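entry.cif, holding mmCIF, C-alpha atoms:
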data_run
loop_
_atom_site.label_atom_id
_atom_site.label_comp_id
_atom_site.auth_asym_id
_atom_site.auth_seq_id
_atom_site.Cartn_x
_atom_site.Cartn_y
_atom_site.Cartn_z
CA MET R 1 15.14 24.02 20.60
CA ALA R 2 15.46 20.49 21.99
CA ASN R 3 16.94 17.73 19.87
CA GLY R 4 13.57 15.95 19.62
CA GLU R 5 11.91 19.11 18.33
CA LYS R 6 14.61 19.53 15.67
CA GLU R 7 14.09 15.94 14.56
CA LEU R 8 10.32 16.46 14.35
CA ASP R 9 10.77 19.70 12.40
CA GLU R 10 13.03 17.85 9.96
CA LYS R 11 10.39 15.17 9.47
CA TYR R 12 7.73 17.78 8.70
CA ARG R 13 10.15 19.49 6.30
CA GLN R 14 10.59 16.17 4.47
CA LEU R 15 6.82 15.69 4.43
CA ASP R 16 6.41 19.17 2.94
CA GLU R 17 8.75 18.12 0.11
CA VAL R 18 6.59 15.05 -0.54
CA LEU R 19 3.44 17.17 -0.50
CA GLU R 20 5.04 19.65 -2.89
CA ARG R 21 6.06 16.85 -5.26
CA TYR R 22 2.73 14.97 -5.33
CA GLY R 23 0.12 17.20 -3.68
CA GLN R 24 -1.15 18.80 -6.89
CA GLN R 25 -1.54 15.48 -8.70
CA GLU R 26 -4.89 13.69 -8.61
CA GLY R 27 -4.96 10.29 -6.89
CA GLN R 28 -1.64 10.56 -5.03
CA LEU R 29 -2.94 10.30 -1.45
CA ILE R 30 -1.76 6.71 -0.98
CA ARG R 31 1.71 7.58 -2.27
CA ILE R 32 1.86 10.62 0.05
CA LEU R 33 0.72 8.54 3.03
CA LYS R 34 3.24 5.79 2.23
CA GLU R 35 6.09 8.29 2.10
CA ALA R 36 4.83 10.04 5.26
CA GLN R 37 4.85 6.69 7.05
CA GLU R 38 8.43 6.09 5.89
CA ILE R 39 9.39 9.48 7.35
CA PHE R 40 7.55 9.21 10.68
CA GLY R 41 7.49 5.42 11.08
CA TYR R 42 3.69 5.47 11.40
CA LEU R 43 0.79 7.83 10.75
CA PRO R 44 -0.39 9.46 13.98
CA GLU R 45 -3.50 11.62 13.99
CA GLU R 46 -1.42 14.83 13.88
CA VAL R 47 0.30 13.77 10.65
CA GLN R 48 -3.01 12.75 9.08
CA THR R 49 -4.49 16.14 10.01
CA TYR R 50 -1.45 17.97 8.63
CA ILE R 51 -1.70 16.12 5.30
CA ALA R 52 -5.45 16.76 5.07
CA ARG R 53 -4.99 20.49 5.64
CA LYS R 54 -2.17 20.73 3.11
CA LEU R 55 -4.26 18.87 0.52
CA ASP R 56 -7.40 20.85 1.42
CA MET R 57 -9.45 17.75 2.10
CA PRO R 58 -11.43 16.43 5.08
CA VAL R 59 -9.38 14.64 7.74
CA SER R 60 -11.99 11.87 7.62
CA ASP R 61 -11.01 11.12 4.01
CA VAL R 62 -7.35 10.76 4.94
CA HIS R 63 -8.16 8.72 8.05
CA GLY R 64 -10.48 6.49 6.00
CA VAL R 65 -7.63 5.59 3.64
CA VAL R 66 -5.18 5.05 6.53
CA THR R 67 -7.53 2.70 8.37
CA PHE R 68 -8.68 0.85 5.24
CA TYR R 69 -5.26 -0.30 4.01
CA ALA R 70 -3.30 -2.76 6.14
CA LEU R 71 0.03 -1.27 5.06
CA PHE R 72 -0.63 1.87 7.13
CA HIS R 73 -0.12 2.03 10.89
CA THR R 74 -1.48 4.59 13.34
CA GLU R 75 0.71 3.45 16.24
CA PRO R 76 4.51 3.17 16.49
CA ARG R 77 5.80 -0.14 15.21
CA GLY R 78 8.83 -2.14 16.18
CA LYS R 79 11.72 -2.74 13.85
CA TYR R 80 10.70 -6.40 13.61
CA SER R 81 7.06 -7.34 13.00
CA ILE R 82 6.10 -10.74 14.36
CA ASN R 83 2.85 -12.04 12.87
CA ILE R 84 1.40 -15.13 14.54
CA CYS R 85 -1.19 -17.05 12.59
CA LEU R 86 -4.38 -17.75 14.53
CA GLY R 87 -6.12 -19.54 11.67
CA THR R 88 -7.83 -22.81 12.55
CA ALA R 89 -4.88 -25.15 11.89
CA CYS R 90 -2.45 -22.96 13.84
CA TYR R 91 -4.92 -22.25 16.61
CA VAL R 92 -5.57 -25.93 17.35
CA GLN R 93 -1.79 -26.51 17.35
CA GLY R 94 -1.26 -23.93 20.13
CA ALA R 95 -0.74 -20.60 18.37
CA GLN R 96 -2.71 -18.69 21.02
CA GLY R 97 -0.27 -19.88 23.67
CA ILE R 98 2.65 -18.78 21.49
CA LEU R 99 1.10 -15.32 21.11
CA GLU R 100 0.62 -15.12 24.88
CA GLU R 101 4.25 -16.18 25.44
CA PHE R 102 5.55 -13.42 23.14
CA ARG R 103 3.40 -10.91 25.01
CA ARG R 104 4.63 -12.20 28.36
CA GLN R 105 8.33 -12.17 27.44
CA LEU R 106 8.11 -8.74 25.79
CA GLU R 107 5.95 -7.39 28.64
CA LEU R 108 3.24 -6.23 26.24
CA HIS R 109 0.37 -5.07 28.44
CA ASP R 110 -1.21 -2.07 26.75
CA GLY R 111 0.06 -2.29 23.17
CA ASP R 112 1.65 -4.46 20.54
CA THR R 113 5.15 -2.92 20.48
CA SER R 114 7.92 -3.73 22.96
CA GLY R 115 9.31 -0.97 25.17
CA ASP R 116 12.67 -1.09 23.38
CA GLY R 117 10.94 -0.48 20.05
CA LEU R 118 12.34 -3.66 18.49
CA PHE R 119 9.26 -5.89 18.25
CA THR R 120 5.64 -5.51 17.26
CA VAL R 121 3.58 -8.65 17.87
CA LYS R 122 0.29 -9.15 16.08
CA SER R 123 -2.04 -12.01 15.35
CA THR R 124 -3.12 -12.65 11.81
CA ARG R 125 -5.62 -14.96 10.21
CA CYS R 126 -4.24 -17.42 7.68
CA LEU R 127 -0.68 -17.26 6.39
CA GLY R 128 -1.35 -20.07 3.90
CA ALA R 129 1.12 -22.48 5.46
CA CYS R 130 -1.26 -24.76 7.35
CA GLY R 131 1.04 -27.77 6.91
CA LEU R 132 3.61 -25.94 9.05
CA ALA R 133 1.17 -25.13 11.88
CA PRO R 134 1.66 -23.36 14.12
CA VAL R 135 3.37 -20.77 11.94
CA LEU R 136 4.53 -17.18 12.30
CA THR R 137 6.50 -14.71 10.24
CA VAL R 138 9.13 -12.18 11.19
CA GLU R 139 9.79 -9.63 8.45
CA GLY R 140 8.62 -12.11 5.82
CA GLU R 141 10.72 -15.01 7.15
CA VAL R 142 8.47 -18.01 7.89
CA TYR R 143 8.86 -20.08 11.06
CA GLY R 144 6.84 -23.28 11.00
CA LYS R 145 6.16 -25.97 13.59
CA PHE R 146 6.87 -23.21 16.10
CA ARG R 147 6.60 -24.05 19.78
CA ARG R 148 6.06 -21.90 22.83
CA GLN R 149 9.54 -22.80 24.08
CA ASP R 150 11.04 -21.38 20.83
CA VAL R 151 9.96 -17.81 21.67
CA ALA R 152 13.01 -16.87 23.76
CA ARG R 153 15.43 -18.22 21.13
CA LEU R 154 13.72 -16.27 18.34
CA LEU R 155 13.78 -13.03 20.35
CA ARG R 156 17.49 -13.58 21.11
CA LYS R 157 18.21 -14.09 17.41
CA TYR R 158 16.73 -10.72 16.45
CA ARG R 159 18.22 -8.92 19.45
CA HIS R 160 21.62 -10.35 18.44
CA ARG R 161 21.18 -8.78 14.99
CA GLU R 162 20.72 -5.43 16.71
CA VAL R 163 23.93 -5.84 18.72
CA ILE R 164 25.87 -6.57 15.55
CA VAL R 165 24.36 -3.60 13.71
CA ASN R 166 24.81 -1.20 16.62
CA ASP R 167 28.42 -2.26 17.19
CA GLN R 168 29.00 -1.98 13.43
CA GLN R 169 30.32 -5.51 13.27
CA TYR R 170 29.72 -7.69 10.30
CA GLU R 171 28.08 -11.05 10.61
CA ARG R 172 30.05 -13.76 8.85
CA PRO R 173 28.21 -16.39 6.85
CA HIS R 174 28.14 -19.89 8.28
CA ARG R 175 29.98 -21.20 5.20
CA TYR R 176 32.13 -19.40 2.72
CA PRO R 177 31.65 -20.14 -0.97
CA GLU R 178 34.40 -22.28 -2.39
CA GLU R 179 36.95 -20.18 -4.16
CA THR R 180 37.95 -21.28 -7.58
CA ALA R 181 41.37 -20.67 -8.96
CA PRO R 182 41.55 -18.50 -12.07
CA GLY R 183 41.16 -20.53 -15.24
CA HIS R 184 39.34 -23.45 -13.59
#
Serialized structure, structure tokens:
Amino acid sequence: MANGEKELDEKYRQLDEVLERYGQQEGQLIRILKEAQEIFGYLPEEVQTYIARKLDMPVSDVHGVVTFYALFHTEPRGKYSINICLGTACYVQGAQGILEEFRRQLELHDGDTSGDGLFTVKSTRCLGACGLAPVLTVEGEVYGKFRRQDVARLLRKYRHREVIVNDQQYERPHRYPEETAPGH
């Protein structure tokens, strides 16, 4: 058995544990789907079908929940989600060009996730920070007054985080807290 098959079997084993734990309880589909997404990284059609069969319910019911809630994803997602606001204030300040620049630099032609699996780039409507237009978020961190020429620097920042994590180095803070002597 290939390594990828073993990994997939392990994921389905974990999903079976989740289904065993919550499958008999009424109203637990969202919890099951959330945990399945944590296991697989997203909810492909095969996983949705597997869950539906195990819960003895129509696949359309499972798929309906998956597609209704924004927290569920049916395609692989990058480690870092970049959400670019295309609301009116951001749009008139050049957000569309910023989105296009991310897509160009990440070579996103057919999907929203970069080939290295690090970035998923999506547009969103209003982030509620119109005074910072154009604005985008990366994993909840807000970047305002963003410019097209800032794209490369932002991508480098998050790629640098990956180098540190993969090399098991520790990033030092920019400033160390002042140490106080005992009794002061």
The PyMOL selection byres ((chain R and resi 159) around 12) resolved against shown file, as JSON, numbers by chain: {"R": [79, 80, 106, 116, 117, 118, 119, 152, 153, 154, 155, 156, 157, 158, 160, 161, 162, 163, 164, 165, 166]}
Answer key for the PyMOL selection byres ((chain R and resi 73) around 6), residues as a list of chain:residue names: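 What the PyMOL selection byres ((chain R and resi 73) around 6) grabs from the file is R:Tyr42, R:Leu43, R:Phe72, R:Thr74, R:Glu75.
The space between atom CA of R:Gln48 and atom CA of R:Val62 spans 6.3 Å.
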Point (9.2, -16.4, 18.9) neighbourhood (12 Å, all atoms listed in the file) written as JSON, numbers by chain: {"R": [80, 81, 82, 83, 84, 95, 97, 98, 99, 100, 101, 102, 103, 104, 105, 106, 119, 120, 121, 122, 134, 135, 136, 137, 138, 141, 142, 143, 144, 145, 146, 147, 148, 149, 150, 151, 152, 153, 154, 155, 156, 157, 158, 159]}
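You can rank R:Gln93, R:Thr67, R:Gln37, R:Ser60 by their closest distance to R:Val18 using all atoms listed in the file, and at the top of that list sits R:Gln37.
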Interatomic distance (Å, one decimal) between atom CA of R:Cys90 and atom CA of R:Ala133: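 A separation of 4.7 Å between them.
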Resolved residues for the PyMOL selection byres ((chain R and resi 38) around 12) as an mmCIF file with C-alpha atoms, keeping the file's coordinate frame:
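File produced: out31.cif:
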data_model
loop_
_atom_site.group_PDB
_atom_site.id
_atom_site.type_symbol
_atom_site.label_atom_id
_atom_site.label_comp_id
_atom_site.auth_asym_id
_atom_site.auth_seq_id
_atom_site.Cartn_x
_atom_site.Cartn_y
_atom_site.Cartn_z
ATOM 1 C CA LYS R 11 10.390 15.170 9.470
ATOM 2 C CA GLN R 14 10.590 16.170 4.470
ATOM 3 C CA LEU R 15 6.820 15.690 4.430
ATOM 4 C CA VAL R 18 6.590 15.050 -0.540
ATOM 5 C CA ARG R 31 1.710 7.580 -2.270
ATOM 6 C CA ILE R 32 1.860 10.620 0.050
ATOM 7 C CA LEU R 33 0.720 8.540 3.030
ATOM 8 C CA LYS R 34 3.240 5.790 2.230
ATOM 9 C CA GLU R 35 6.090 8.290 2.100
ATOM 10 C CA ALA R 36 4.830 10.040 5.260
ATOM 11 C CA GLN R 37 4.850 6.690 7.050
ATOM 12 C CA ILE R 39 9.390 9.480 7.350
ATOM 13 C CA PHE R 40 7.550 9.210 10.680
ATOM 14 C CA GLY R 41 7.490 5.420 11.080
ATOM 15 C CA TYR R 42 3.690 5.470 11.400
ATOM 16 C CA LEU R 43 0.790 7.830 10.750
ATOM 17 C CA LEU R 71 0.030 -1.270 5.060
ATOM 18 C CA PHE R 72 -0.630 1.870 7.130
ATOM 19 C CA HIS R 73 -0.120 2.030 10.890
ATOM 20 C CA PRO R 76 4.510 3.170 16.490
ATOM 21 C CA ARG R 77 5.800 -0.140 15.210
#
Atom CA of R:Glu7 to atom CA of R:Gly23, straight-line distance in Å: 23.0 Å
Using only C-alpha atoms: which of R:Gly111, R:Gly131, R:Ser123, R:Thr49 has the shortest distance to R:Asp61: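 Of the candidates, the smallest distance to R:Asp61 is held by R:Thr49.
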Pick from R:Gly78, R:Leu19, R:Leu86, R:Glu5 nearest to R:Lys54, counting all atoms listed in the file: R:Leu19
Restore N, CA, C and O atoms in stretch 104-128 of chain R and list the result as an mmCIF file, in the coordinates of the input.
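Full text of result.cif as output:
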data_model
loop_
_atom_site.group_PDB
_atom_site.id
_atom_site.type_symbol
_atom_site.label_atom_id
_atom_site.label_comp_id
_atom_site.auth_asym_id
_atom_site.auth_seq_id
_atom_site.Cartn_x
_atom_site.Cartn_y
_atom_site.Cartn_z
ATOM 1 N N ARG R 104 4.079 -12.097 27.011
ATOM 2 C CA ARG R 104 4.630 -12.200 28.360
ATOM 3 C C ARG R 104 6.115 -11.826 28.355
ATOM 4 O O ARG R 104 6.560 -10.996 29.145
ATOM 5 N N GLN R 105 6.887 -12.420 27.450
ATOM 6 C CA GLN R 105 8.330 -12.170 27.440
ATOM 7 C C GLN R 105 8.686 -10.744 27.042
ATOM 8 O O GLN R 105 9.698 -10.206 27.480
ATOM 9 N N LEU R 106 7.856 -10.126 26.208
ATOM 10 C CA LEU R 106 8.110 -8.740 25.790
ATOM 11 C C LEU R 106 7.403 -7.722 26.681
ATOM 12 O O LEU R 106 7.495 -6.519 26.439
ATOM 13 N N GLU R 107 6.696 -8.229 27.697
ATOM 14 C CA GLU R 107 5.950 -7.390 28.640
ATOM 15 C C GLU R 107 4.996 -6.437 27.908
ATOM 16 O O GLU R 107 4.955 -5.239 28.173
ATOM 17 N N LEU R 108 4.225 -7.007 26.993
ATOM 18 C CA LEU R 108 3.240 -6.230 26.240
ATOM 19 C C LEU R 108 1.920 -6.259 27.007
ATOM 20 O O LEU R 108 1.232 -7.264 27.046
ATOM 21 N N HIS R 109 1.597 -5.143 27.648
ATOM 22 C CA HIS R 109 0.370 -5.070 28.440
ATOM 23 C C HIS R 109 -0.670 -4.192 27.758
ATOM 24 O O HIS R 109 -1.821 -4.562 27.642
ATOM 25 N N ASP R 110 -0.250 -3.024 27.304
ATOM 26 C CA ASP R 110 -1.210 -2.070 26.750
ATOM 27 C C ASP R 110 -1.133 -1.938 25.233
ATOM 28 O O ASP R 110 -1.998 -1.336 24.623
ATOM 29 N N GLY R 111 -0.085 -2.455 24.608
ATOM 30 C CA GLY R 111 0.060 -2.290 23.170
ATOM 31 C C GLY R 111 0.697 -3.513 22.539
ATOM 32 O O GLY R 111 0.838 -4.561 23.178
ATOM 33 N N ASP R 112 1.080 -3.352 21.289
ATOM 34 C CA ASP R 112 1.650 -4.460 20.540
ATOM 35 C C ASP R 112 3.146 -4.322 20.333
ATOM 36 O O ASP R 112 3.774 -5.209 19.773
ATOM 37 N N THR R 113 3.740 -3.185 20.747
ATOM 38 C CA THR R 113 5.150 -2.920 20.480
ATOM 39 C C THR R 113 5.940 -2.925 21.780
ATOM 40 O O THR R 113 5.535 -2.309 22.768
ATOM 41 N N SER R 114 7.080 -3.611 21.763
ATOM 42 C CA SER R 114 7.920 -3.730 22.960
ATOM 43 C C SER R 114 8.484 -2.370 23.357
ATOM 44 O O SER R 114 8.653 -1.481 22.518
ATOM 45 N N GLY R 115 8.802 -2.226 24.629
ATOM 46 C CA GLY R 115 9.310 -0.970 25.170
ATOM 47 C C GLY R 115 10.602 -0.513 24.512
ATOM 48 O O GLY R 115 10.876 0.679 24.433
ATOM 49 N N ASP R 116 11.417 -1.454 24.029
ATOM 50 C CA ASP R 116 12.670 -1.090 23.380
ATOM 51 C C ASP R 116 12.478 -0.731 21.905
ATOM 52 O O ASP R 116 13.426 -0.352 21.216
ATOM 53 N N GLY R 117 11.229 -0.844 21.426
ATOM 54 C CA GLY R 117 10.940 -0.480 20.050
ATOM 55 C C GLY R 117 11.410 -1.491 19.017
ATOM 56 O O GLY R 117 11.348 -1.228 17.813
ATOM 57 N N LEU R 118 11.845 -2.669 19.448
ATOM 58 C CA LEU R 118 12.340 -3.660 18.490
ATOM 59 C C LEU R 118 11.243 -4.538 17.903
ATOM 60 O O LEU R 118 11.317 -4.913 16.737
ATOM 61 N N PHE R 119 10.234 -4.895 18.696
ATOM 62 C CA PHE R 119 9.260 -5.890 18.250
ATOM 63 C C PHE R 119 7.824 -5.381 18.309
ATOM 64 O O PHE R 119 7.420 -4.770 19.299
ATOM 65 N N THR R 120 7.083 -5.677 17.259
ATOM 66 C CA THR R 120 5.640 -5.510 17.260
ATOM 67 C C THR R 120 5.051 -6.898 17.042
ATOM 68 O O THR R 120 5.424 -7.582 16.080
ATOM 69 N N VAL R 121 4.176 -7.313 17.929
ATOM 70 C CA VAL R 121 3.580 -8.650 17.870
ATOM 71 C C VAL R 121 2.108 -8.512 17.555
ATOM 72 O O VAL R 121 1.379 -7.806 18.250
ATOM 73 N N LYS R 122 1.687 -9.189 16.505
ATOM 74 C CA LYS R 122 0.290 -9.150 16.080
ATOM 75 C C LYS R 122 -0.167 -10.564 15.724
ATOM 76 O O LYS R 122 0.622 -11.397 15.296
ATOM 77 N N SER R 123 -1.454 -10.766 15.861
ATOM 78 C CA SER R 123 -2.040 -12.010 15.350
ATOM 79 C C SER R 123 -2.538 -11.725 13.944
ATOM 80 O O SER R 123 -2.825 -10.590 13.587
ATOM 81 N N THR R 124 -2.610 -12.772 13.164
ATOM 82 C CA THR R 124 -3.120 -12.650 11.810
ATOM 83 C C THR R 124 -3.982 -13.872 11.539
ATOM 84 O O THR R 124 -3.918 -14.853 12.268
ATOM 85 N N ARG R 125 -4.778 -13.802 10.529
ATOM 86 C CA ARG R 125 -5.620 -14.960 10.210
ATOM 87 C C ARG R 125 -4.799 -16.030 9.524
ATOM 88 O O ARG R 125 -3.942 -16.596 10.123
ATOM 89 N N CYS R 126 -4.946 -16.300 8.298
ATOM 90 C CA CYS R 126 -4.240 -17.420 7.680
ATOM 91 C C CYS R 126 -3.026 -16.944 6.900
ATOM 92 O O CYS R 126 -3.113 -16.025 6.094
ATOM 93 N N LEU R 127 -1.892 -17.573 7.140
ATOM 94 C CA LEU R 127 -0.680 -17.260 6.390
ATOM 95 C C LEU R 127 -0.495 -18.213 5.209
ATOM 96 O O LEU R 127 0.469 -18.102 4.476
ATOM 97 N N GLY R 128 -1.402 -19.164 5.056
ATOM 98 C CA GLY R 128 -1.350 -20.070 3.900
ATOM 99 C C GLY R 128 -0.283 -21.141 4.023
ATOM 100 O O GLY R 128 0.188 -21.663 3.025
#
